[in-house]
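What's in entry.cif: mmCIF, C-alpha atoms
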data_input
#
loop_
_atom_site.group_PDB
_atom_site.id
_atom_site.type_symbol
_atom_site.label_atom_id
_atom_site.label_comp_id
_atom_site.auth_asym_id
_atom_site.auth_seq_id
_atom_site.Cartn_x
_atom_site.Cartn_y
_atom_site.Cartn_z
ATOM 1 C CA MET X 1 139.431 89.295 136.426
ATOM 2 C CA HIS X 2 136.501 90.475 134.335
ATOM 3 C CA ASN X 3 132.918 90.263 135.499
ATOM 4 C CA LEU X 4 131.797 87.654 132.955
ATOM 5 C CA VAL X 5 128.268 87.189 131.641
ATOM 6 C CA LYS X 6 127.003 84.050 129.928
ATOM 7 C CA LEU X 7 124.096 84.527 127.515
ATOM 8 C CA VAL X 8 122.372 82.191 125.079
ATOM 9 C CA GLN X 9 122.138 83.035 121.378
ATOM 10 C CA ALA X 10 118.983 82.287 119.378
ATOM 11 C CA SER X 11 120.806 79.279 117.913
ATOM 12 C CA GLY X 12 121.105 77.786 121.402
ATOM 13 C CA LYS X 13 124.867 78.317 121.570
ATOM 14 C CA ALA X 14 126.317 80.152 124.555
ATOM 15 C CA ILE X 15 128.199 83.432 124.361
ATOM 16 C CA LEU X 16 130.544 84.454 127.195
ATOM 17 C CA LEU X 17 131.404 88.149 127.413
ATOM 18 C CA PRO X 18 132.805 90.656 129.871
ATOM 19 C CA ALA X 19 129.912 92.621 131.408
ATOM 20 C CA ASP X 20 131.446 95.820 129.945
ATOM 21 C CA ALA X 21 130.888 94.456 126.422
ATOM 22 C CA ILE X 22 127.154 94.501 127.107
ATOM 23 C CA ALA X 23 126.981 97.590 129.331
ATOM 24 C CA GLY X 24 128.708 99.649 126.612
ATOM 25 C CA GLY X 25 126.592 98.157 123.850
ATOM 26 C CA ILE X 26 123.063 98.671 122.562
ATOM 27 C CA LEU X 27 120.128 96.315 123.158
ATOM 28 C CA ARG X 28 116.873 96.216 121.189
ATOM 29 C CA THR X 29 113.776 94.069 121.474
ATOM 30 C CA LEU X 30 112.662 92.395 118.243
ATOM 31 C CA GLU X 31 110.090 93.610 115.740
ATOM 32 C CA PRO X 32 107.174 91.274 114.879
ATOM 33 C CA HIS X 33 108.667 90.257 111.499
ATOM 34 C CA GLU X 34 111.991 89.476 113.228
ATOM 35 C CA ARG X 35 110.249 87.355 115.873
ATOM 36 C CA LYS X 36 108.585 85.296 113.101
ATOM 37 C CA LYS X 37 111.981 84.549 111.533
ATOM 38 C CA ASN X 38 113.654 83.901 114.908
ATOM 39 C CA PRO X 39 111.066 82.474 117.319
ATOM 40 C CA ASP X 40 113.697 81.642 119.971
ATOM 41 C CA ALA X 41 115.198 85.164 120.012
ATOM 42 C CA LYS X 42 114.033 88.006 122.265
ATOM 43 C CA THR X 43 116.782 90.643 122.011
ATOM 44 C CA PHE X 44 119.081 91.986 119.298
ATOM 45 C CA ALA X 45 122.378 93.218 120.736
ATOM 46 C CA TRP X 46 125.337 95.209 119.553
ATOM 47 C CA VAL X 47 128.071 94.176 122.004
ATOM 48 C CA ILE X 48 131.547 95.674 122.140
ATOM 49 C CA MET X 49 134.244 93.082 121.419
ATOM 50 C CA SER X 50 137.852 94.117 120.741
ATOM 51 C CA GLY X 51 136.717 97.717 120.281
ATOM 52 C CA GLN X 52 134.109 96.889 117.620
ATOM 53 C CA ALA X 53 130.367 96.383 117.832
ATOM 54 C CA GLN X 54 129.380 92.819 116.989
ATOM 55 C CA THR X 55 125.767 91.700 116.659
ATOM 56 C CA ALA X 56 124.039 88.847 118.433
ATOM 57 C CA LEU X 57 120.465 87.542 118.578
ATOM 58 C CA LEU X 58 119.862 86.492 122.176
ATOM 59 C CA ARG X 59 117.217 84.369 123.897
ATOM 60 C CA GLU X 60 117.194 86.503 127.053
ATOM 61 C CA THR X 61 115.024 89.588 127.493
ATOM 62 C CA LEU X 62 116.405 93.120 127.431
ATOM 63 C CA GLY X 63 115.783 93.698 131.160
ATOM 64 C CA PHE X 64 117.349 90.384 132.163
ATOM 65 C CA ILE X 65 120.482 91.120 130.125
ATOM 66 C CA LEU X 66 120.865 94.620 131.592
ATOM 67 C CA ASN X 67 120.466 93.341 135.142
ATOM 68 C CA LYS X 68 122.909 90.481 134.570
ATOM 69 C CA ALA X 69 125.545 92.760 133.019
ATOM 70 C CA GLY X 70 125.116 95.567 135.535
ATOM 71 C CA GLY X 71 124.342 97.921 132.646
ATOM 72 C CA ASN X 72 121.292 99.461 134.255
ATOM 73 C CA SER X 73 122.866 102.770 135.217
ATOM 74 C CA GLY X 74 121.367 106.226 134.905
ATOM 75 C CA ASP X 75 123.611 106.811 131.898
ATOM 76 C CA ARG X 76 121.310 104.608 129.760
ATOM 77 C CA VAL X 77 118.183 105.727 127.957
ATOM 78 C CA VAL X 78 115.317 103.615 126.650
ATOM 79 C CA LEU X 79 113.955 104.758 123.274
ATOM 80 C CA LYS X 80 110.940 103.669 121.234
ATOM 81 C CA GLY X 81 112.142 101.699 118.262
ATOM 82 C CA LEU X 82 109.940 100.850 115.295
ATOM 83 C CA GLY X 83 107.352 98.084 115.418
ATOM 84 C CA GLY X 84 106.818 98.460 119.162
ATOM 85 C CA THR X 85 110.429 97.726 120.036
ATOM 86 C CA LYS X 86 112.474 99.273 122.826
ATOM 87 C CA VAL X 87 116.118 100.268 122.494
ATOM 88 C CA SER X 88 118.465 100.656 125.466
ATOM 89 C CA MET X 89 121.703 102.550 124.906
ATOM 90 C CA GLN X 90 124.182 104.766 126.723
ATOM 91 C CA ARG X 91 123.638 108.502 126.365
ATOM 92 C CA SER X 92 127.290 108.930 125.452
ATOM 93 C CA ALA X 93 126.866 106.723 122.348
ATOM 94 C CA PHE X 94 124.593 109.287 120.628
ATOM 95 C CA VAL X 95 126.184 111.046 117.630
ATOM 96 C CA HIS X 96 123.337 112.533 115.564
ATOM 97 C CA ALA X 97 119.762 111.993 114.379
ATOM 98 C CA ILE X 98 118.133 112.583 110.999
ATOM 99 C CA GLU X 99 114.379 112.494 110.438
ATOM 100 C CA SER X 100 113.577 110.212 107.528
ATOM 101 C CA GLU X 101 111.310 107.304 106.655
ATOM 102 C CA ARG X 102 111.844 103.582 106.755
ATOM 103 C CA VAL X 103 110.719 101.287 103.982
ATOM 104 C CA LEU X 104 110.157 97.677 104.981
ATOM 105 C CA ARG X 105 110.536 95.233 102.091
ATOM 106 C CA GLU X 106 109.817 91.532 101.627
ATOM 107 C CA ASP X 107 112.693 89.377 102.843
ATOM 108 C CA ASP X 108 114.584 92.574 103.789
ATOM 109 C CA LYS X 109 116.003 92.710 100.255
ATOM 110 C CA PRO X 110 116.623 96.118 98.609
ATOM 111 C CA ASN X 111 114.652 95.130 95.499
ATOM 112 C CA GLY X 112 111.916 93.222 97.383
ATOM 113 C CA LYS X 113 108.269 94.253 97.246
ATOM 114 C CA GLU X 114 107.508 97.206 99.516
ATOM 115 C CA ILE X 115 105.473 96.103 102.539
ATOM 116 C CA SER X 116 105.245 99.351 104.489
ATOM 117 C CA ARG X 117 106.595 102.871 104.743
ATOM 118 C CA VAL X 118 106.730 104.765 108.045
ATOM 119 C CA ASP X 119 108.160 108.073 109.264
ATOM 120 C CA ALA X 120 111.135 107.434 111.523
ATOM 121 C CA THR X 121 114.340 108.999 112.743
ATOM 122 C CA ILE X 122 117.733 107.491 112.016
ATOM 123 C CA LEU X 123 119.872 107.594 115.147
ATOM 124 C CA GLN X 124 123.598 107.206 114.549
ATOM 125 C CA THR X 125 125.848 106.106 117.387
ATOM 126 C CA SER X 126 129.554 106.203 118.169
ATOM 127 C CA LEU X 127 129.707 102.403 117.995
ATOM 128 C CA HIS X 128 131.482 100.975 114.957
ATOM 129 C CA SER X 129 130.926 97.544 113.462
ATOM 130 C CA PRO X 130 132.873 95.894 110.632
ATOM 131 C CA ASN X 131 130.197 97.389 108.303
ATOM 132 C CA GLY X 132 130.624 100.955 109.595
ATOM 133 C CA PRO X 133 128.868 103.090 112.232
ATOM 134 C CA VAL X 134 125.931 101.522 114.086
ATOM 135 C CA ALA X 135 122.677 103.312 113.256
ATOM 136 C CA PHE X 136 119.029 102.331 113.684
ATOM 137 C CA PHE X 137 115.504 103.725 113.384
ATOM 138 C CA VAL X 138 113.505 105.127 116.321
ATOM 139 C CA GLU X 139 110.011 106.602 116.605
ATOM 140 C CA GLU X 140 111.100 109.751 118.456
ATOM 141 C CA SER X 141 111.491 112.917 116.415
ATOM 142 C CA ALA X 142 114.778 114.819 116.339
ATOM 143 C CA ALA X 143 113.231 117.370 118.745
ATOM 144 C CA ASP X 144 112.291 114.574 121.192
ATOM 145 C CA LEU X 145 115.794 113.135 120.963
ATOM 146 C CA PHE X 146 117.253 116.588 121.614
ATOM 147 C CA ASP X 147 115.273 116.726 124.873
ATOM 148 C CA ILE X 148 116.246 113.166 125.827
ATOM 149 C CA PHE X 149 119.971 113.476 125.162
ATOM 150 C CA ASN X 150 120.321 117.092 126.259
ATOM 151 C CA ALA X 151 118.817 116.399 129.692
ATOM 152 C CA ASP X 152 121.061 116.310 132.710
ATOM 153 C CA VAL X 153 122.360 112.842 133.379
ATOM 154 C CA SER X 154 120.820 111.336 136.471
ATOM 155 C CA ASP X 155 123.000 110.590 139.454
ATOM 156 C CA ASP X 156 121.531 107.088 139.601
ATOM 157 C CA ASP X 157 124.015 104.722 141.189
ATOM 158 C CA GLY X 158 122.970 101.778 139.019
ATOM 159 C CA SER X 159 120.880 100.148 141.722
ATOM 160 C CA VAL X 160 117.678 100.401 139.647
ATOM 161 C CA GLU X 161 116.458 97.132 138.172
ATOM 162 C CA TYR X 162 114.595 96.819 134.877
ATOM 163 C CA ASP X 163 111.683 94.635 133.774
ATOM 164 C CA ASP X 164 111.712 92.500 130.623
ATOM 165 C CA ASP X 165 110.754 95.508 128.481
ATOM 166 C CA GLY X 166 113.583 97.704 129.742
ATOM 167 C CA ASN X 167 111.396 99.829 132.031
ATOM 168 C CA PRO X 168 112.676 100.665 135.528
ATOM 169 C CA ILE X 169 111.035 98.619 138.268
ATOM 170 C CA VAL X 170 109.585 100.982 140.846
ATOM 171 C CA ALA X 171 109.860 99.749 144.410
ATOM 172 C CA ASP X 172 106.605 99.600 146.329
ATOM 173 C CA GLU X 173 106.059 102.412 148.781
ATOM 174 C CA PRO X 174 106.582 101.268 152.373
ATOM 175 C CA ALA X 175 103.321 100.757 154.194
ATOM 176 C CA THR X 176 102.371 103.496 156.597
ATOM 177 C CA PRO X 177 101.286 102.335 160.028
ATOM 178 C CA ALA X 178 97.561 102.538 160.692
ATOM 179 C CA LYS X 179 96.407 105.222 163.109
ATOM 180 C CA LYS X 180 95.608 103.859 166.535
ATOM 181 C CA ARG X 181 92.153 104.535 167.821
ATOM 182 C CA ALA X 182 91.792 106.098 171.191
ATOM 183 C CA LYS X 183 90.507 103.754 173.849
ATOM 184 C CA ALA X 184 87.172 104.674 175.337
#

Starting from the coordinates I provided, produce the structure as structure tokens.
Amino acid sequence: MHNLVKLVQASGKAILLPADAIAGGILRTLEPHERKKNPDAKTFAWVIMSGQAQTALLRETLGFILNKAGGNSGDRVVLKGLGGTKVSMQRSAFVHAIESERVLREDDKPNGKEISRVDATILQTSLHSPNGPVAFFVEESAADLFDIFNADVSDDDGSVEYDDDGNPIVADEPATPAKKRAKA
């Protein structure tokens, strides 16, 4: 039987998935303009269902979802998305990156009034949705991404837990015993 994970969509409706659907997918925190439109949502997810990436807006945080799905292995990287977001994805999903710029428009419409323009890198992945390959913008340059994805994969056994922002939680150092004073 599959290790099943129950999550809650922004609409309040539940979604029940095999943990592998999440562990193999991509998770991203929301940008400020997305949070305004979806106040109940915390994470945007591309989950793998029937071999295709499907999107979901979820109420749970990125770290909570990764811990619940067991997708917190050393094979994942956390990247800086635009607007202060964080993106968690498997190293093996990387295909290529192209430095570019992102134009944010009113109502996310192609002919809407331009709100902002920012340098960004388009990262394309091996995930495929009904609309084609999954790609998104990140702050890292192509050179930074080369260093990130070309690094040796850690031999982490997946026992690391992550906080709500997708950062590894570092265990506290064990206390060292105090030195005993010599008796006089």

**Residues selected by the PyMOL selection byres ((chain X and resi 92) around 10), written as number ranges by chain** = X: 24, 75-77, 89-91, 93-95, 125-126, 149

Of X:Ala69, X:Leu123, X:Leu27, X:Val103, the one sitting nearest Thr85 in chain X when using all atoms listed in the file is X:Leu27

Which of X:Ala143, X:Val8, X:Gly83, X:Ala23 sits closest to Glu99 in chain X [using only C-alpha atoms]: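 Smallest separation from Glu99 in chain X among the options: X:Ala143.
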
Quiz prompt | Between CA of Phe64 in chain X and CA of Pro133 in chain X, distance in Å (one decimal) | solution =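 Distance reported for this atom pair: 26.3 Å.
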
As a check of understanding: the span from CA of Glu31 in chain X to CA of Gly166 in chain X is 15.0 Å

Residue nearest Glu34 in chain X among X:Ala19, X:Leu62, X:Leu104, X:Val47 (counting only C-alpha atoms)
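Smallest separation from Glu34 in chain X among the options: X:Leu104.
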
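The residue that comes closest to Asp20 in chain X, out of X:Ser116, X:Ser50, X:Gln124, X:Thr61 and on the basis of all atoms listed in the file, is X:Ser50.
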
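Take the PyMOL selection byres ((chain X and resi 16) around 7) and apply it to this file: it picks X:Leu4, X:Val5, X:Lys6, X:Leu7, X:Ala14, X:Ile15, X:Leu17.
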
Legend entry - Shell around Pro32 in chain X at 10 Å using only C-alpha atoms, local window under 5 positions removed, as a list of chain:residue names: X:Lys37, X:Asn38, X:Pro39, X:Leu82, X:Gly83, X:Gly84, X:Thr85

For Gln52 in chain X: contacts at 10 Å, all atoms listed in the file, fewer than 4 positions along chain excluded, given as a VMD selection string
chain X and resid 21 25 46 to 48 127 to 130 132 to 133

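Counting all atoms listed in the file, the residue from X:Val78, X:Leu66, X:Glu114, X:Asp165 that sits nearest to Lys42 in chain X is X:Asp165.
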
Exercise. Using only C-alpha atoms, which of the listed residues (X:Leu79, X:Ile115, X:Ala56, X:Ile22) sits closest to Ile148 in chain X?
Worked result: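 Selected residue with least distance to Ile148 in chain X: X:Leu79.
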
Next item on the list: For the point (116.3, 99.3, 120.0) in the file's frame, write as a ChimeraX atom specification all residues with an atom no more than 9 Å away, counting only C-alpha atoms.
Entry: /X:26-30,43-45,78-82,85-89,136-138
